[in-house]
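Trainee: Pasting in a structure now, in structure tokens, and then I'll have a few things to ask.
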Amino acid sequence: MLSKKSLLIFPTQRAIREYLNKQKDLNTLLPSCLSIDDFLKKSIYFENKVYCDEEQRTLILNESVKNVDIKKLGISSNFTKFLSQSEYIYRFFLEISSEDIEIKDIKTKDTYEFYIEHLSILEQILLNYKLLLEKNNFVDRVNLKDNYRINIEFLDLFEDIIIYFEGYFTKIEFEIIEKISEKIPLKIEFFSNIYNQKSLQVFKSIGYDIKLNNKYILNLSKKNIIEENSLEISSNNIDIKAFSSRLNQISYIKSSIVSCVNKGIKAENIAVILPDESFAKSLELFDRENYFNFAMGKSILNKNLYQKANAIYGFLVDNEIKNIENLNFFDIDKVFIEKNIGLFWNKQCNEDKFLEITNYIKVDEKCNELIEKYDELVFRLKIVLFSQNFELKLKDAFKIFLQKLAKITLDDIHSGKVTVMGVLETRLISFDAVIICDFNDEFVPKISTKDKFLSTKIKSLANLPTKFDRENLQKYYYRRLIDNSKNVFISFVNKENSQISRFASELFDRKIDFLSNDEAYKDILYKNIFLNYSDENIEQNIDLTKISWSASSLKKFLDCRRKYYLENILRLKNHSISLLPENFELGSIVHKILEELIKSEGRRKKDLDELFLKYKNANPFLVLDLEVYRQKLYDFLEFENSRINIKTIDLEKNFTTYFNGISINGVIDRVDLNGDIYELIDYKTSRNLTIDTEKTYEKSHDFQLEFYYIAAKELYKSDKIKAYYFSLYDTLLKEEIVLDEKLELLNSIFSELKELSKEKIQFLKTENRAICEFCNFKIICNR
């Protein structure tokens with residue numbers, strides 16, 4: 001029979017690998033090693049029950065909130081939203097259960113009525129959750145205390161146990177460890193500094209006298225201190241640099257690595273620490289030298305499989321040109337997507353349809369590791385989404401799938417020697433050099449989701465870990481990391497909405513320079529590349545006679561063919577990100593007001609004021625302009641009341657007709673009947689309205705009134721027609737005095753469109769650069 005070995009317990013798997021790597025040259029029998037999480041799981045068992053996995057937990061928790069008003073907690077009852085928000089509820093339950101605290105006990109503390117209502121709701125959900133766990137013979141960390149037994153058979157495999165403690169024991173965890181120490185000799189090794197005193201309270205509570213800045217080895221079985229030594233803190237070099245953006249820190253990271261290697265430090269003894277692990281994606285994109293290996297794994301967001309799924313989702317949400325082109329880029333069959341997914345997008349999703357879609361997305365994937373993790377994800381989601389009768393639309397199921405897919409990472413085992421990791425991965429590991437980036441308040445300290453329902457004061461009274469306690473524990477991790485490294489490099493972003501972490505003043509005993517270092521390191525990340533504009537000659541076979549023209553689209557074509565091509569053929573849209581109003585917004589509101597005013601036959605200031613109040617715009621930049629036009633329309637009312645025996649017969653009259661064999665369309669703002677003469681009116685809000693004359697009409701591209709005239713002749717079967725612009729700014733009717741001449745010009749233009757359509761049409765940029773001044777495509781055209 002083999003002799004028993006010692007069992008060593010480490011905070012992480014990486015700490016185990018680090019320990020074994022240091023022992024590989026020793027000619028000795030290695031002890032058994034486990035992480036603390038694995039040790040706690042193996043050291044207990046459950047009678048006639050099984051551990052509840054994450055997907056089953058989500059379903060049970062969702063069942064627990066039925067018939068409970070969770071909206072008062074700020075949690076949505078919608079299943080898709082609840083999937084992401086349920087973590088708040090579960091983490092609250094986990095925290096109080098782990099500390100062996102009942103919600104009813106929290107209620108007795110100094111709480112407001114606001115908390116009492118929330119706690120009562122949470123108490124009901126927790127009761128429902130535990131009952132459902134019991135009903136399904138599940139054990140979860142929430143009901144662990146009432147169900148676990150110590151696994152004596154497992155513990156009998158070892159001679160003794162040593163725990164290298166770096167972190168925090170919950171009350172239930174320490175209760176398990178104390179029970180284990182009664183069965184087998186158990187020692188705990190840890191460090192004490194000012195930041196981890198809350199974590200060490202468990203030892204003080206059973207009689208240990210723990211002093212600051214010492215290293216301890218306790219014998220928990222015999223309740224005595226085996227070793228107590230003062231901490232030796234080696235002097236280290238600390239360099240702190242500020243940058244204006246997150247990406248610019250990458251230059252500093254690379255420079256620091258080269259500096260360390262030049263000093264003789266081995267690359268494998270250098271670590272890059274990411275307080276925000278999502279920054280790894282950026283670091284990976286700029287890793288041209290293959291410096292890094294990523295402890296958190298590599299994101300799949302740039303992989304074809306994810307991009308394919310994301311492209312499908314983007315197209316189904318909004319089938320604009322960029323999303324259509326995205327499908328083409330990834331060789332995705334648009335017809336298949338529309339027929340097999342689009343038609344079912346707003347219908348209830350079933351398992352077969354879900355599997356059909358997920359199989360289609362992975363069909364071309366070649367990476368075995370990604371396929372394996374993808375299949376595992378699909379299997380888990382199949383359980384979550386379809387094991388109960390959720391009325392889930394396909395679009396919601398796809399959104400959940402896409403969110404989960406984005407979290408898949410691939411193991412990074414064949415990359416560079418410099419390790420990139422999060423702060424928790426650094427526990428019990430020492431490096432010759434560490435580079436910590438993003439040392440900003442938004443990332444250090446990391447915000448916990450456990451503080452949603454209770455204030456720090458209530459948590460303190462209830463003896464729950466507070467925000468202050470968690471921040472101190474994070475300081476402890478950074479303090480240990482920095483003290484164990486001879487060379488420390490810190491970078492942070494310094495700009496208006498980002499500043500260095502408040503931890504800095506405590507952890508770094510030195511003056512910090514806040515001036516940006518972008519210029520000093522810019523050549524590492526960016527090369528000076530000058531972009532030269534290349535003017536593309538765009539030509540296509542398009543039959544312009546098959547297009548139904550509006551006056552505005554025709555004007556656009558005549559003003560600048562390139563703009564027409566970009567806006568009407570490619571359908572490129574302007575980004576609406578500014579609070580400033582678009583050019584059309586004021587005119588659109590005024591048109592609506594005038595339409596309702598004339599329809600209601602209102603001719604009083606009161607009627608006008610009521611309409612302006614109705615159409616009051618939320619955009620603050622339009623308030624003044626609308627008020628100006630309200631005053632202007634008072635003059636309009638007087639003008640209208642002076643027009644006796646004139647009857648309005650149509651407002652916002654839609655038309656589609658033909659002229660010279662080409663379709664035209666539009667909307668006539670207003671048609672009045674003055675005796676037997678039809679008066680066509682187009683409202684204009686422009687302050688500088690001019691009309692064409694015999695000297696200027698030949699260069700005109702505006703045929704709005706001509707389109708009205710052609711339509712009116714057909715609509716009203718009359719030649720007695722006059723066309724006017726109504727200048728609302730000046731309160732004047734301005735007649736189109738060269739109507740016949742412009743109709744002839746329009747006829748020749750349409751004839752020219754027919755000739756152009758016989759060959760490829762060149763979509764040239766306008767020669768009149770004044771047109772480009774306020775054009776959305778000014779940059780694209782290099783104007």
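Identifiers in this document derive from the order of the structure tokens: chains are assigned A, B, ..., residues are numbered from 1 separately in each chain, and ligands are numbered from 1 in order of occurrence.
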Give me, as number ranges by chain, all polymer residues having an atom no more than 8 Å from range 354-365 of chain A, counting only C-alpha atoms and skipping those fewer than 5 positions away in the same chain.
Mentor: A: 304-305, 308-309, 341, 349, 371, 378, 394, 397
Trainee: Store the residues picked out above in a file with N, CA and C atoms, as a tab-separated table (two decimals), in the first residue's frame.
Mentor:
chain	number	residue	atom	x	y	z
A	304	ASN	N	-14.49	33.93	-37.44
A	304	ASN	CA	-15.55	33.89	-38.45
A	304	ASN	C	-16.88	33.39	-37.89
A	305	LEU	N	-16.81	32.40	-37.00
A	305	LEU	CA	-18.04	31.81	-36.47
A	305	LEU	C	-18.88	32.86	-35.75
A	308	LYS	N	-20.06	35.60	-38.20
A	308	LYS	CA	-21.16	35.10	-39.03
A	308	LYS	C	-22.49	35.22	-38.27
A	309	ALA	N	-22.49	34.78	-37.01
A	309	ALA	CA	-23.70	34.86	-36.18
A	309	ALA	C	-24.11	36.32	-35.98
A	341	ILE	N	-35.01	32.04	-41.39
A	341	ILE	CA	-34.91	32.71	-40.09
A	341	ILE	C	-35.82	33.93	-40.04
A	349	CYS	N	-40.11	30.44	-30.78
A	349	CYS	CA	-38.99	29.60	-31.21
A	349	CYS	C	-39.17	28.19	-30.65
A	371	ILE	N	-15.36	24.33	-32.10
A	371	ILE	CA	-16.54	23.51	-32.38
A	371	ILE	C	-16.99	22.80	-31.11
A	378	VAL	N	-24.43	25.25	-27.18
A	378	VAL	CA	-25.74	24.97	-27.78
A	378	VAL	C	-26.50	23.95	-26.95
A	394	LEU	N	-38.13	33.83	-31.51
A	394	LEU	CA	-36.85	33.46	-32.10
A	394	LEU	C	-35.82	34.58	-31.93
A	397	ALA	N	-34.40	34.37	-28.45
A	397	ALA	CA	-33.53	33.20	-28.30
A	397	ALA	C	-32.19	33.45	-28.99
Trainee: Kindly indicate which residue among A:Asp469, A:Tyr565, A:Trp549, A:Asn574 lies nearest to Phe659 in chain A, using only C-alpha atoms for the distances.
Mentor: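 Comparing A:Asp469, A:Tyr565, A:Trp549, A:Asn574 against Phe659 in chain A, the winner is A:Trp549.
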Trainee: With a distance cut-off of 9 Å and only C-alpha atoms, select the neighbouring residues of range 398-407 of chain A, excluding the residue or stretch itself and same-chain residues fewer than 2 positions from it, and output the selection as an MDAnalysis selection string.
Mentor: chainID A and resid 80 83 299:301 306 309:310 313 354 358 374 377:378 381 393:396 409
Trainee: Nearest to Phe439 in chain A among A:Leu611, A:Ala271, A:Lys546, A:Lys241, with distances taken over only C-alpha atoms: which residue is it?
Mentor: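 Comparing A:Leu611, A:Ala271, A:Lys546, A:Lys241 against Phe439 in chain A, the winner is A:Lys241.
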Trainee: Excluding same-chain residues fewer than 4 positions from Thr58 in chain A, what lies within 10 Å of it counting only C-alpha atoms, as number ranges by chain?
Mentor: A: 52-54, 62-64, 82-84, 86-87, 90, 384
Trainee: Go ahead and write the residues just picked, N, CA, C and O atoms, as a short mmCIF file (atom, residue, chain, number, x, y, z; two decimals), in the first residue's frame.
Mentor:
data_model
loop_
_atom_site.label_atom_id
_atom_site.label_comp_id
_atom_site.auth_asym_id
_atom_site.auth_seq_id
_atom_site.Cartn_x
_atom_site.Cartn_y
_atom_site.Cartn_z
N CYS A 52 -26.64 21.43 -8.39
CA CYS A 52 -27.40 22.13 -9.43
C CYS A 52 -26.44 22.93 -10.32
O CYS A 52 -25.68 23.76 -9.82
N ASP A 53 -26.46 22.67 -11.64
CA ASP A 53 -25.56 23.42 -12.51
C ASP A 53 -26.18 24.77 -12.89
O ASP A 53 -27.33 25.07 -12.53
N GLU A 54 -25.41 25.60 -13.61
CA GLU A 54 -25.81 26.98 -13.88
C GLU A 54 -27.11 27.08 -14.67
O GLU A 54 -27.97 27.91 -14.37
N ASN A 62 -35.90 31.46 -12.34
CA ASN A 62 -36.97 32.08 -13.12
C ASN A 62 -38.34 31.61 -12.65
O ASN A 62 -39.30 32.39 -12.58
N GLU A 63 -38.43 30.32 -12.30
CA GLU A 63 -39.69 29.78 -11.78
C GLU A 63 -40.02 30.40 -10.42
O GLU A 63 -41.19 30.61 -10.09
N SER A 64 -38.98 30.73 -9.66
CA SER A 64 -39.17 31.25 -8.30
C SER A 64 -39.76 32.66 -8.27
O SER A 64 -40.35 33.07 -7.27
N PHE A 82 -34.44 38.93 -17.90
CA PHE A 82 -34.22 38.29 -16.60
C PHE A 82 -32.97 37.42 -16.61
O PHE A 82 -32.28 37.29 -15.60
N LEU A 83 -32.67 36.81 -17.75
CA LEU A 83 -31.48 35.96 -17.85
C LEU A 83 -30.22 36.71 -17.43
O LEU A 83 -29.34 36.16 -16.77
N SER A 84 -30.12 37.97 -17.84
CA SER A 84 -28.93 38.75 -17.48
C SER A 84 -29.07 39.40 -16.11
O SER A 84 -28.08 39.53 -15.38
N SER A 86 -30.88 38.27 -13.49
CA SER A 86 -31.07 37.34 -12.38
C SER A 86 -29.82 37.16 -11.55
O SER A 86 -29.88 36.74 -10.39
N GLU A 87 -28.66 37.50 -12.13
CA GLU A 87 -27.39 37.36 -11.40
C GLU A 87 -27.38 38.23 -10.15
O GLU A 87 -26.79 37.87 -9.14
N TYR A 90 -29.34 36.24 -7.52
CA TYR A 90 -28.62 35.05 -7.06
C TYR A 90 -27.41 35.42 -6.21
O TYR A 90 -27.13 34.79 -5.18
N VAL A 384 -31.77 25.15 -21.25
CA VAL A 384 -32.33 26.35 -20.62
C VAL A 384 -33.58 26.84 -21.34
O VAL A 384 -34.60 27.15 -20.72
#
Trainee: When you count only C-alpha atoms, which of these residues is closest to Ser43 in chain A: A:Ile103, A:Lys130, A:Ile184, A:Asn136?
Mentor: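 Counting only C-alpha atoms, the residue closest to Ser43 in chain A is A:Ile184.
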Trainee: Looking at only C-alpha atoms, which of A:Phe191, A:Phe763, A:Tyr634, A:Tyr683 is the one that sits closest to Arg562 in chain A?
Mentor: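 The closest residue to Arg562 in chain A is A:Phe763.
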Trainee: Take CA of Phe292 in chain A and CA of Arg480 in chain A and report the distance between them in Å, one decimal.
Mentor: 23.0 Å
Trainee: In terms of the shortest atom-to-atom distance over only C-alpha atoms, which of A:Ala267, A:Ile257, A:Ile172, A:Ile458 is closest to Thr108 in chain A?
Mentor: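 So, comparing all the options, the nearest one is A:Ile458.
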